[in-house]
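Structure file model.cif (mmCIF, C-alpha atoms and all ligand atoms) is printed below.
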data_target
loop_
_atom_site.label_atom_id
_atom_site.label_comp_id
_atom_site.auth_asym_id
_atom_site.auth_seq_id
_atom_site.Cartn_x
_atom_site.Cartn_y
_atom_site.Cartn_z
CA MET T 814 -138.38 -55.11 -30.18
CA ILE T 815 -139.03 -57.62 -27.45
CA GLU T 816 -142.55 -58.01 -26.23
CA GLN T 817 -142.82 -58.79 -22.59
CA GLU T 818 -144.24 -56.60 -19.89
CA ARG T 819 -141.99 -55.69 -17.02
CA SER T 820 -143.51 -57.37 -13.98
CA PRO T 821 -144.78 -54.55 -11.80
CA LEU T 822 -142.59 -53.56 -8.89
CA PRO T 823 -144.23 -52.36 -5.71
CA PRO T 824 -144.58 -48.59 -6.01
CA ALA T 825 -141.86 -46.15 -4.99
CA ALA T 826 -141.67 -45.30 -1.31
CA HIS T 827 -143.32 -41.94 -1.87
CA GLU T 828 -144.57 -39.86 -4.75
CA GLY T 829 -141.89 -37.90 -6.55
CA ALA T 830 -139.10 -40.14 -5.25
CA HIS T 831 -135.98 -39.92 -7.40
CA ALA T 832 -134.46 -43.06 -8.86
CA ILE T 833 -131.38 -42.43 -6.74
CA GLU T 834 -131.04 -39.85 -4.00
CA VAL T 835 -127.75 -39.41 -2.17
CA ASP T 836 -127.18 -36.94 0.62
CA ASN T 837 -123.75 -36.41 2.15
CA LEU T 838 -123.00 -40.12 1.87
CA ALA T 839 -119.72 -41.18 3.45
CA LYS T 840 -117.68 -44.33 4.05
CA ARG T 841 -114.68 -44.66 6.30
CA TYR T 842 -112.52 -47.77 6.54
CA GLY T 843 -110.47 -47.14 9.67
CA GLU T 844 -108.15 -44.31 8.72
CA VAL T 845 -109.20 -44.34 5.06
CA GLU T 846 -112.04 -42.01 4.10
CA ALA T 847 -113.05 -43.77 0.90
CA VAL T 848 -116.11 -41.54 0.30
CA LYS T 849 -116.18 -38.11 1.91
CA GLY T 850 -119.77 -36.95 1.82
CA VAL T 851 -121.18 -37.06 -1.73
CA SER T 852 -124.60 -35.69 -2.69
CA PHE T 853 -126.50 -36.05 -5.97
CA THR T 854 -129.80 -37.24 -7.41
CA VAL T 855 -130.46 -39.35 -10.49
CA GLU T 856 -133.77 -39.12 -12.34
CA HIS T 857 -135.77 -42.09 -13.62
CA GLY T 858 -134.48 -43.21 -17.00
CA GLU T 859 -131.29 -41.18 -16.71
CA VAL T 860 -127.82 -42.48 -17.57
CA PHE T 861 -125.54 -41.12 -14.87
CA ALA T 862 -121.77 -41.62 -14.68
CA PHE T 863 -119.17 -41.42 -11.97
CA LEU T 864 -115.90 -40.52 -13.68
CA GLY T 865 -112.75 -40.78 -11.62
CA PRO T 866 -109.31 -42.34 -11.25
CA ASN T 867 -108.30 -45.45 -9.28
CA GLY T 868 -109.23 -45.22 -5.62
CA ALA T 869 -111.62 -42.29 -6.09
CA GLY T 870 -114.42 -44.07 -4.22
CA LYS T 871 -116.53 -45.21 -7.17
CA THR T 872 -116.95 -48.85 -6.20
CA THR T 873 -117.44 -47.94 -2.55
CA THR T 874 -120.31 -45.63 -3.50
CA ILE T 875 -121.90 -48.36 -5.64
CA ARG T 876 -121.52 -50.86 -2.82
CA MET T 877 -123.37 -48.53 -0.45
CA LEU T 878 -126.14 -47.86 -2.97
CA CYS T 879 -126.53 -51.60 -3.55
CA THR T 880 -126.70 -52.34 0.20
CA LEU T 881 -123.48 -54.37 0.16
CA THR T 882 -121.68 -51.96 2.52
CA GLN T 883 -123.17 -49.82 5.27
CA PRO T 884 -122.49 -46.08 4.99
CA THR T 885 -120.66 -44.50 7.91
CA GLY T 886 -122.28 -41.13 7.23
CA GLY T 887 -125.13 -39.49 5.34
CA ARG T 888 -127.96 -41.30 3.59
CA ALA T 889 -129.03 -42.69 0.25
CA SER T 890 -132.22 -44.08 -1.24
CA ILE T 891 -133.38 -45.93 -4.36
CA ASP T 892 -136.92 -45.07 -5.49
CA GLY T 893 -137.31 -43.47 -2.07
CA TYR T 894 -136.25 -46.59 -0.14
CA ASP T 895 -133.39 -45.98 2.26
CA VAL T 896 -130.41 -48.24 1.57
CA SER T 897 -129.71 -48.71 5.28
CA THR T 898 -133.18 -49.42 6.57
CA ARG T 899 -135.02 -50.81 3.53
CA ALA T 900 -132.36 -53.05 2.03
CA ARG T 901 -134.91 -55.63 0.87
CA ASP T 902 -136.93 -53.12 -1.12
CA VAL T 903 -133.75 -51.65 -2.54
CA ARG T 904 -132.44 -55.04 -3.67
CA GLN T 905 -135.69 -55.80 -5.49
CA ARG T 906 -135.22 -52.70 -7.60
CA ILE T 907 -131.57 -52.93 -8.55
CA GLY T 908 -129.31 -54.92 -10.83
CA LEU T 909 -125.54 -54.87 -10.42
CA VAL T 910 -122.69 -55.66 -12.75
CA PHE T 911 -119.53 -55.93 -10.66
CA GLN T 912 -116.17 -54.52 -11.60
CA GLU T 913 -114.70 -58.03 -11.45
CA GLN T 914 -116.09 -60.87 -13.53
CA THR T 915 -118.43 -63.02 -11.47
CA LEU T 916 -119.79 -65.50 -14.02
CA ASP T 917 -119.36 -69.21 -13.48
CA GLN T 918 -116.96 -70.23 -16.26
CA GLN T 919 -117.96 -73.89 -16.06
CA LEU T 920 -121.63 -73.19 -16.73
CA THR T 921 -123.26 -72.24 -20.00
CA ALA T 922 -124.59 -68.75 -20.62
CA GLU T 923 -128.12 -69.97 -20.01
CA GLU T 924 -127.20 -71.85 -16.84
CA ASN T 925 -125.58 -68.73 -15.40
CA LEU T 926 -128.78 -66.79 -16.00
CA ARG T 927 -130.98 -69.55 -14.63
CA PHE T 928 -128.97 -69.64 -11.42
CA HIS T 929 -129.33 -65.90 -11.05
CA ALA T 930 -133.08 -66.05 -11.69
CA VAL T 931 -133.47 -68.48 -8.80
CA LEU T 932 -131.32 -66.31 -6.53
CA TYR T 933 -133.42 -63.25 -7.28
CA GLY T 934 -136.74 -65.04 -6.94
CA VAL T 935 -137.88 -64.54 -10.52
CA PRO T 936 -141.29 -66.31 -10.75
CA LYS T 937 -140.85 -69.80 -12.25
CA SER T 938 -143.38 -69.18 -14.97
CA GLU T 939 -141.40 -66.17 -16.22
CA VAL T 940 -137.87 -67.54 -16.10
CA ASP T 941 -137.67 -68.94 -19.65
CA ALA T 942 -139.11 -65.85 -21.28
CA ARG T 943 -136.86 -63.53 -19.33
CA ILE T 944 -133.71 -65.50 -20.11
CA ASP T 945 -134.69 -65.44 -23.76
CA ARG T 946 -135.28 -61.74 -23.73
CA ALA T 947 -132.07 -60.96 -21.84
CA LEU T 948 -129.95 -63.05 -24.22
CA ARG T 949 -131.57 -61.42 -27.23
CA MET T 950 -131.00 -57.98 -25.76
CA VAL T 951 -127.23 -58.55 -25.67
CA GLN T 952 -127.24 -60.57 -28.90
CA LEU T 953 -126.01 -63.78 -27.33
CA ILE T 954 -129.07 -65.90 -28.06
CA ASP T 955 -127.07 -68.14 -30.44
CA ARG T 956 -124.49 -68.83 -27.75
CA ARG T 957 -126.91 -69.72 -24.99
CA SER T 958 -125.70 -73.33 -24.66
CA ASP T 959 -121.97 -72.56 -24.79
CA LEU T 960 -119.75 -72.60 -21.73
CA VAL T 961 -118.77 -69.14 -20.52
CA SER T 962 -115.15 -70.31 -20.54
CA THR T 963 -115.36 -70.25 -24.36
CA PHE T 964 -116.56 -66.61 -24.45
CA SER T 965 -114.44 -63.61 -25.31
CA GLY T 966 -114.04 -60.90 -22.66
CA GLY T 967 -116.60 -58.71 -24.40
CA MET T 968 -119.15 -61.50 -24.69
CA ALA T 969 -118.75 -62.36 -21.03
CA ARG T 970 -119.23 -58.73 -20.11
CA ARG T 971 -122.43 -58.54 -22.13
CA LEU T 972 -123.68 -61.74 -20.53
CA GLU T 973 -123.13 -60.09 -17.16
CA ILE T 974 -125.28 -57.18 -18.27
CA ALA T 975 -127.96 -59.62 -19.39
CA ARG T 976 -127.77 -61.19 -15.96
CA GLY T 977 -127.95 -57.80 -14.24
CA MET T 978 -131.24 -57.02 -15.97
CA LEU T 979 -132.80 -60.47 -15.70
CA HIS T 980 -135.06 -59.56 -12.80
CA THR T 981 -136.10 -56.34 -14.62
CA PRO T 982 -134.52 -53.90 -12.17
CA ALA T 983 -135.51 -50.25 -12.13
CA VAL T 984 -131.90 -49.17 -11.61
CA LEU T 985 -128.92 -50.93 -13.12
CA PHE T 986 -125.48 -50.33 -11.60
CA LEU T 987 -122.50 -50.94 -13.86
CA ASP T 988 -119.09 -50.76 -12.21
CA GLU T 989 -116.47 -50.14 -14.94
CA PRO T 990 -118.60 -52.02 -17.48
CA THR T 991 -116.15 -51.93 -20.37
CA ILE T 992 -112.81 -52.13 -18.62
CA GLY T 993 -110.32 -54.02 -20.76
CA LEU T 994 -112.62 -54.21 -23.79
CA ASP T 995 -111.56 -53.05 -27.23
CA PRO T 996 -113.32 -49.95 -28.60
CA GLN T 997 -115.54 -51.99 -30.94
CA THR T 998 -116.84 -54.28 -28.21
CA ARG T 999 -117.24 -51.27 -25.96
CA ALA T 1000 -119.47 -49.63 -28.57
CA LEU T 1001 -121.53 -52.82 -28.92
CA MET T 1002 -122.00 -53.02 -25.19
CA TRP T 1003 -123.17 -49.44 -25.14
CA GLU T 1004 -125.75 -50.24 -27.77
CA ASP T 1005 -127.08 -52.89 -25.37
CA VAL T 1006 -127.14 -50.48 -22.45
CA LEU T 1007 -128.82 -47.65 -24.32
CA ARG T 1008 -131.41 -50.05 -25.77
CA LEU T 1009 -132.16 -51.15 -22.24
CA ARG T 1010 -132.80 -47.59 -21.22
CA ARG T 1011 -134.88 -46.89 -24.32
CA GLU T 1012 -137.03 -50.02 -24.27
CA GLU T 1013 -137.33 -50.60 -20.54
CA GLY T 1014 -136.84 -47.14 -19.10
CA VAL T 1015 -134.09 -48.49 -16.85
CA THR T 1016 -132.06 -45.94 -14.89
CA ILE T 1017 -128.34 -46.54 -15.38
CA PHE T 1018 -125.62 -45.64 -12.90
CA LEU T 1019 -122.14 -46.41 -14.13
CA THR T 1020 -118.60 -45.80 -13.03
CA THR T 1021 -115.72 -45.39 -15.39
CA HIS T 1022 -112.33 -43.87 -15.81
CA TYR T 1023 -112.70 -43.65 -19.57
CA MET T 1024 -113.53 -40.14 -20.78
CA GLU T 1025 -115.13 -41.53 -23.96
CA GLU T 1026 -117.38 -43.78 -21.94
CA ALA T 1027 -118.55 -40.98 -19.67
CA GLU T 1028 -119.70 -39.16 -22.81
CA TYR T 1029 -122.57 -41.67 -23.15
CA ALA T 1030 -124.06 -40.43 -19.89
CA ASP T 1031 -126.73 -37.73 -19.63
CA ARG T 1032 -124.83 -36.29 -16.67
CA ILE T 1033 -121.39 -36.90 -15.26
CA ALA T 1034 -120.12 -36.54 -11.71
CA ILE T 1035 -116.35 -36.16 -11.57
CA ILE T 1036 -115.16 -37.88 -8.43
CA ASP T 1037 -111.67 -37.62 -6.99
CA GLN T 1038 -110.34 -38.72 -3.61
CA GLY T 1039 -113.81 -39.44 -2.25
CA LYS T 1040 -115.39 -36.16 -3.31
CA ILE T 1041 -117.52 -35.00 -6.22
CA VAL T 1042 -115.62 -32.08 -7.69
CA ALA T 1043 -118.03 -31.27 -10.54
CA LEU T 1044 -121.39 -32.53 -11.76
CA ASP T 1045 -123.21 -31.63 -14.96
CA THR T 1046 -123.78 -32.62 -18.57
CA SER T 1047 -120.65 -33.20 -20.61
CA GLY T 1048 -121.29 -30.02 -22.61
CA ALA T 1049 -121.86 -27.87 -19.54
CA LEU T 1050 -118.77 -29.23 -17.81
CA LYS T 1051 -116.66 -28.35 -20.82
CA ARG T 1052 -118.17 -24.90 -21.06
CA THR T 1053 -117.33 -24.13 -17.43
CA ILE T 1054 -113.63 -24.45 -18.13
CA GLY T 1055 -113.61 -22.13 -21.08
CA ALA T 1056 -113.77 -21.59 -24.78
CA ASP T 1057 -112.02 -23.32 -27.65
CA THR T 1058 -108.47 -22.23 -28.41
CA VAL T 1059 -107.00 -21.52 -31.81
CA GLU T 1060 -103.22 -21.57 -31.64
CA LEU T 1061 -101.22 -19.88 -34.40
CA ALA T 1062 -97.55 -20.12 -35.14
CA THR T 1063 -96.80 -17.15 -37.38
CA GLY T 1064 -93.91 -15.45 -39.13
CA ASN T 1065 -94.41 -12.42 -36.89
CA ASP T 1066 -96.19 -13.11 -33.60
CA ASP T 1067 -95.98 -9.47 -32.46
CA LEU T 1068 -97.81 -8.28 -35.51
CA ALA T 1069 -100.35 -11.14 -35.39
CA ALA T 1070 -101.10 -10.42 -31.74
CA LYS T 1071 -101.54 -6.72 -32.41
CA ASN T 1072 -103.83 -7.31 -35.39
CA LEU T 1073 -105.94 -9.92 -33.62
CA GLU T 1074 -106.42 -7.67 -30.62
CA ALA T 1075 -107.39 -4.80 -32.86
CA ALA T 1076 -109.96 -7.12 -34.48
CA GLY T 1077 -111.48 -7.74 -31.06
CA PHE T 1078 -110.16 -11.26 -30.36
CA ASN T 1079 -109.34 -12.34 -26.83
CA ILE T 1080 -105.75 -13.51 -27.22
CA LYS T 1081 -102.69 -14.51 -25.33
CA ARG T 1082 -99.02 -14.59 -26.35
CA GLY T 1083 -97.13 -17.84 -25.79
CA ASP T 1084 -93.37 -18.28 -26.26
CA ASP T 1085 -93.78 -19.42 -29.82
CA GLU T 1086 -97.41 -18.92 -30.64
CA VAL T 1087 -100.44 -16.68 -30.37
CA VAL T 1088 -103.55 -18.21 -28.85
CA ALA T 1089 -107.06 -16.90 -29.49
CA PHE T 1090 -109.93 -17.90 -27.19
CA VAL T 1091 -113.18 -18.21 -29.12
CA GLU T 1092 -116.61 -19.80 -28.85
CA ASN T 1093 -116.43 -22.03 -31.89
CA GLY T 1094 -112.82 -22.57 -32.91
CA GLU T 1095 -113.38 -24.48 -36.11
CA ALA T 1096 -115.86 -21.97 -37.49
CA GLN T 1097 -113.61 -19.04 -36.68
CA VAL T 1098 -110.28 -20.32 -37.94
CA ALA T 1099 -110.60 -18.59 -41.29
CA SER T 1100 -111.42 -15.19 -39.86
CA ILE T 1101 -108.65 -15.49 -37.26
CA ILE T 1102 -106.10 -16.26 -39.95
CA ALA T 1103 -107.36 -13.35 -42.03
CA ALA T 1104 -107.26 -10.98 -39.07
CA ALA T 1105 -103.71 -12.01 -38.09
CA GLY T 1106 -102.44 -10.28 -41.25
CA THR T 1107 -99.16 -12.19 -41.37
CA PRO T 1108 -98.13 -15.55 -42.87
CA ILE T 1109 -99.22 -18.51 -40.72
CA ARG T 1110 -96.97 -21.55 -40.23
CA THR T 1111 -99.33 -23.82 -38.29
CA VAL T 1112 -102.81 -23.69 -36.80
CA LYS T 1113 -104.11 -25.87 -33.97
CA VAL T 1114 -107.72 -25.84 -32.85
CA HIS T 1115 -108.48 -27.32 -29.47
CA ARG T 1116 -111.90 -27.90 -27.99
CA PRO T 1117 -112.07 -28.67 -24.25
CA THR T 1118 -112.45 -32.38 -23.47
CA LEU T 1119 -113.49 -34.14 -20.29
CA GLU T 1120 -109.77 -34.72 -19.76
CA ASP T 1121 -109.33 -30.94 -19.58
CA VAL T 1122 -112.30 -30.72 -17.23
CA PHE T 1123 -110.78 -33.31 -14.95
CA LEU T 1124 -107.45 -31.51 -14.98
CA HIS T 1125 -109.14 -28.20 -14.28
CA TYR T 1126 -110.86 -29.46 -11.16
CA THR T 1127 -108.19 -31.77 -9.78
CA GLY T 1128 -104.90 -30.42 -11.13
CA ARG T 1129 -104.12 -33.94 -12.37
CA GLN T 1130 -104.78 -36.09 -15.38
CA ILE T 1131 -107.13 -38.97 -14.92
CA ARG T 1132 -105.03 -41.51 -16.80
CA GLU T 1133 -102.07 -40.96 -14.54
CA GLY T 1134 -104.01 -42.06 -11.51
CA GLN T 1135 -102.72 -40.37 -8.38
CA GLY T 1136 -99.49 -39.40 -10.14
CA GLY T 1137 -99.57 -35.90 -11.51
CA GLY T 1138 -96.95 -35.85 -14.23
CA PRO T 1139 -96.21 -33.35 -16.95
CA THR T 1140 -99.01 -31.34 -18.47
CA PRO T 1141 -99.13 -31.17 -22.26
CA PRO T 1142 -99.01 -27.62 -23.60
CA HIS T 1143 -102.60 -27.41 -24.82
CA PHE T 1144 -103.87 -28.26 -21.35
CA MET T 1145 -101.63 -25.58 -19.87
CA HIS T 1146 -103.59 -22.81 -21.52
CA PHE T 1147 -106.62 -23.74 -19.48
CA ALA T 1148 -104.62 -24.25 -16.32
CA ARG T 1149 -103.00 -20.85 -16.64
CA ARG T 1150 -106.16 -18.99 -17.45
CA ARG T 1151 -107.83 -19.68 -14.15
N1 LIG F 1 -112.87 -53.04 2.17
C1 LIG F 1 -112.01 -52.02 2.22
N2 LIG F 1 -111.19 -51.88 3.29
C2 LIG F 1 -110.33 -50.83 3.37
N3 LIG F 1 -110.19 -49.88 2.42
C3 LIG F 1 -110.97 -49.98 1.34
C4 LIG F 1 -111.91 -51.05 1.19
N4 LIG F 1 -112.56 -50.87 0.00
C5 LIG F 1 -112.04 -49.75 -0.55
N5 LIG F 1 -111.10 -49.20 0.25
C6 LIG F 1 -110.32 -47.98 -0.01
O1 LIG F 1 -111.24 -46.95 -0.36
C7 LIG F 1 -110.72 -46.13 -1.41
C8 LIG F 1 -111.70 -46.12 -2.55
O2 LIG F 1 -111.76 -47.40 -3.16
P1 LIG F 1 -112.77 -47.75 -4.33
O3 LIG F 1 -112.65 -49.21 -4.59
O4 LIG F 1 -114.11 -47.24 -3.98
O5 LIG F 1 -112.17 -46.91 -5.52
P2 LIG F 1 -112.60 -46.89 -7.07
O6 LIG F 1 -112.91 -45.50 -7.41
O7 LIG F 1 -113.63 -47.92 -7.32
O8 LIG F 1 -111.23 -47.30 -7.77
P3 LIG F 1 -110.95 -48.22 -9.09
O9 LIG F 1 -111.07 -47.28 -10.27
O10 LIG F 1 -109.53 -48.66 -8.90
O11 LIG F 1 -111.91 -49.34 -9.11
C9 LIG F 1 -109.36 -46.70 -1.74
O12 LIG F 1 -108.40 -45.96 -1.04
C10 LIG F 1 -109.43 -48.12 -1.24
O13 LIG F 1 -108.15 -48.57 -0.85
MG MG F 2 -113.73 -49.58 -8.52
#
Show me the file's structure as structure tokens.
Amino acid sequence: MIEQERSPLPPAAHEGAHAIEVDNLAKRYGEVEAVKGVSFTVEHGEVFAFLGPNGAGKTTTIRMLCTLTQPTGGRASIDGYDVSTRARDVRQRIGLVFQEQTLDQQLTAEENLRFHAVLYGVPKSEVDARIDRALRMVQLIDRRSDLVSTFSGGMARRLEIARGMLHTPAVLFLDEPTIGLDPQTRALMWEDVLRLRREEGVTIFLTTHYMEEAEYADRIAIIDQGKIVALDTSGALKRTIGADTVELATGNDDLAAKNLEAAGFNIKRGDDEVVAFVENGEAQVASIIAAAGTPIRTVKVHRPTLEDVFLHYTGRQIREGQGGGPTPPHFMHFARRR
């Protein structure tokens, strides 16, 4: 636990202001409508994720919220301060970790932070303590005097997070924070981020196209082609697209289907299998097998994932970018049921 008070920010613009409030926000670059009117609010201390494929408008939205790009439509505010008219107040309250690496490779970890502290007007008397705290937070205190050029990708990324929180922002924006990192480093980085939220109450807004990463968020907005197509908790998003499926390959599908229906299961016949739709697939496997009343060759239980949710709302898979491509059979069940 690190003891150091957050230096008090001027109060929010008005009582009850949300950490982030976005209303019909839009950005057009000539013919390209990068963001087509998105609306959402983020509460103080929330971890909120934008999940979407390449070109969905994630970075453009972040850039507008961080006052780096002017919206061409709608409005947005941080702590009640409008991003278009109160840019100074907004900048005081935010930290940003860019999608691209922006550290100076020829400086040490500490020098990078010191430079940032000056840029952001951190009071001189507080600089040392804050650098210390930030480096401890991301567990890089032992590497403070090493050149960034000697850091691994994951260490550099965590140093960027340390830098983003150096001026104790109320809202930290992370654009694809773990892109290109191995799963282990990604997990470490998430420990840092969640500790930041826990110990400092920082609101986190992140973008990602990793399903697993979005799972860390309290709520997820699925964004595609400039629009939010769904927004909720991970659990609620999965529930909206349907139940678990238990897929049986049997010696006699006709008989299995008949028996399962008689036992009250909601089922569907495939070409080579019988599929039962149930609330809790794993818990019900045994009773489904018993009810089928015929020898079972294989059983597959599938619980909806965010991948399925994305497919449900966009008709595409997130990993294939704009492509489309073939749909694996277990996703097809959900697609067909709609
Ligand atoms: N400065 C710009 N000028 C013109 N078009 C732009 C500009 N910035 C972004 N765009 C376009 O806006 C759309 C959204 O881009 P954006 O960078 O916001 O996507 P993204 O969701 O962050 O994608 P990625 O996952 O690849 O980072 C794209 O079609 C992109 O080409
Ligand atoms: Mg981006």
Name each residue within 10 Å of ligand MG 2 (chain F), counting all atoms listed in the file, as a CSV table (one decimal) with C-alpha atoms, in the coordinates of the input.
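Result went into selection16.csv, see below:
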chain,number,residue,atom,x,y,z
T,865,GLY,CA,-112.8,-40.8,-11.6
T,866,PRO,CA,-109.3,-42.3,-11.2
T,867,ASN,CA,-108.3,-45.4,-9.3
T,868,GLY,CA,-109.2,-45.2,-5.6
T,869,ALA,CA,-111.6,-42.3,-6.1
T,870,GLY,CA,-114.4,-44.1,-4.2
T,871,LYS,CA,-116.5,-45.2,-7.2
T,872,THR,CA,-117.0,-48.8,-6.2
T,873,THR,CA,-117.4,-47.9,-2.6
T,874,THR,CA,-120.3,-45.6,-3.5
T,875,ILE,CA,-121.9,-48.4,-5.6
T,876,ARG,CA,-121.5,-50.9,-2.8
T,911,PHE,CA,-119.5,-55.9,-10.7
T,912,GLN,CA,-116.2,-54.5,-11.6
T,913,GLU,CA,-114.7,-58.0,-11.4
T,988,ASP,CA,-119.1,-50.8,-12.2
T,989,GLU,CA,-116.5,-50.1,-14.9
T,1020,THR,CA,-118.6,-45.8,-13.0
T,1021,THR,CA,-115.7,-45.4,-15.4
T,1022,HIS,CA,-112.3,-43.9,-15.8
Give me the box for stretch 939-956 of chain T as lines of an AutoDock Vina configuration file, namely the centre and edge lengths in Å to one decimal of a box along x, y and z that holds every listed atom plus 5 Å on each side.
center_x = -132.9
center_y = -63.5
center_z = -23.3
size_x = 26.9
size_y = 21.0
size_z = 24.3
message: Under the rule that only C-alpha atoms and all ligand atoms are counted, which of T:Gly886, T:Gly1039, T:Pro1108, T:Pro996 is the nearest residue to ligand LIG 1 (chain F)?
response: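 Looking at the shortest contact to ligand LIG 1 (chain F), the residue is T:Gly1039.
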- request: Could you jot down the atom CA of T:Glu828 to atom CA of T:Ser890 separation for me, Å, one decimal place?
  value: 13.5 Å
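A distance cut-off of 12 Å around (-130.6, -57.2, -34.3), counting all atoms listed in the file, selects these protein and nucleic acid residues: Met814, Ile815, Leu948, Arg949, Met950, Val951, Gln952, Leu953, Ile954, Leu1001, Glu1004, Asp1005 and Arg1008 of chain T.
Here atom CA of T:Arg976 is placed at a distance of 5.7 Å from atom CA of T:Leu926.
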Who sits within 9 Å of T:Asp1045, only C-alpha atoms, same chain under 2 positions skipped, as an mmCIF file with C-alpha atoms, keeping the file's coordinate frame:
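Output file selection.cif is given in full below:
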data_model
loop_
_atom_site.group_PDB
_atom_site.id
_atom_site.type_symbol
_atom_site.label_atom_id
_atom_site.label_comp_id
_atom_site.auth_asym_id
_atom_site.auth_seq_id
_atom_site.Cartn_x
_atom_site.Cartn_y
_atom_site.Cartn_z
ATOM 1 C CA ASP T 1031 -126.730 -37.730 -19.630
ATOM 2 C CA ARG T 1032 -124.830 -36.290 -16.670
ATOM 3 C CA ILE T 1033 -121.390 -36.900 -15.260
ATOM 4 C CA ALA T 1034 -120.120 -36.540 -11.710
ATOM 5 C CA ILE T 1035 -116.350 -36.160 -11.570
ATOM 6 C CA ALA T 1043 -118.030 -31.270 -10.540
ATOM 7 C CA SER T 1047 -120.650 -33.200 -20.610
ATOM 8 C CA GLY T 1048 -121.290 -30.020 -22.610
ATOM 9 C CA ALA T 1049 -121.860 -27.870 -19.540
ATOM 10 C CA LEU T 1050 -118.770 -29.230 -17.810
#
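Each of T:Ala947, T:Ala1105, T:Ala847, T:Ile992 was checked against ligand LIG 1 (chain F) using only C-alpha atoms and all ligand atoms; the smallest atom-to-atom distance is that of T:Ala847.
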message: as a list of chain:residue names, please: the residues near stretch 835-844 of chain T (cut-off 6 Å, only C-alpha atoms, same-chain neighbours under 3 positions excluded).
response: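 These residues fall inside the cut-off: T:Ala847, T:Val848, T:Lys849, T:Gly850, T:Val851, T:Ser852, T:Phe853, T:Pro884, T:Thr885, T:Gly886, T:Gly887, T:Arg888, T:Ala889.
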- prompt: Which residue out of T:Ser962, T:Thr1016, T:Thr1107, T:Thr1118 has the minimum interatomic distance to T:Glu1028 when only C-alpha atoms are used?
  reply: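 The closest residue to T:Glu1028 is T:Thr1118.
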- request: Please identify all polymer residues lying at most 12 Å from the point (-126.0, -54.4, -17.5) (file coordinates), using only C-alpha atoms, and present the result as a PyMOL selection string.
  value: chain T and resi 907-912+947-948+950-951+969-991+1002-1010+1015-1019
message: Could you tell me how far atom CA of T:Arg957 sits from atom CA of T:Leu932, in Å to one decimal place?
response: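 Separation of atom CA of T:Leu932 and atom CA of T:Arg957: 19.3 Å.
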query: For T:Ala1062, which of T:Met1024, T:Ile1080, T:Val1112, T:Ala1096 is the closest residue, counting only C-alpha atoms?
result: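 Checking each of T:Met1024, T:Ile1080, T:Val1112, T:Ala1096 against T:Ala1062, counting only C-alpha atoms, the winner is T:Val1112.
Every protein or nucleic acid residue with an atom no more than 12 Å from T:Asn1065, counting all atoms listed in the file and leaving out same-chain residues fewer than 3 positions away, appears here: Leu1061, Ala1062, Leu1068, Ala1069, Ala1070, Lys1071, Asn1072, Arg1082, Asp1085, Glu1086, Val1087, Ala1105, Gly1106, Thr1107, Pro1108, Ile1109 and Arg1110 of chain T.
The nearest approach to ligand LIG 1 (chain F) among the residues T:Ile1102, T:Val931, T:Leu864, T:Pro824, with all atoms listed in the file taken into account, belongs to T:Leu864.
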- request: Name the closest residue to ligand LIG 1 (chain F) among the candidates T:Asn1093, T:Thr882, T:Thr854, T:Thr1058; distances are taken between atoms, counting only C-alpha atoms and all ligand atoms.
  value: T:Thr882
message: When you look at stretch 829-833 of chain T with a cut-off of 6 Å (counting only C-alpha atoms), what residues show up, excluding the ones that are within fewer than 2 positions of it in the same chain? I need them as a count of residues only.
response: 9
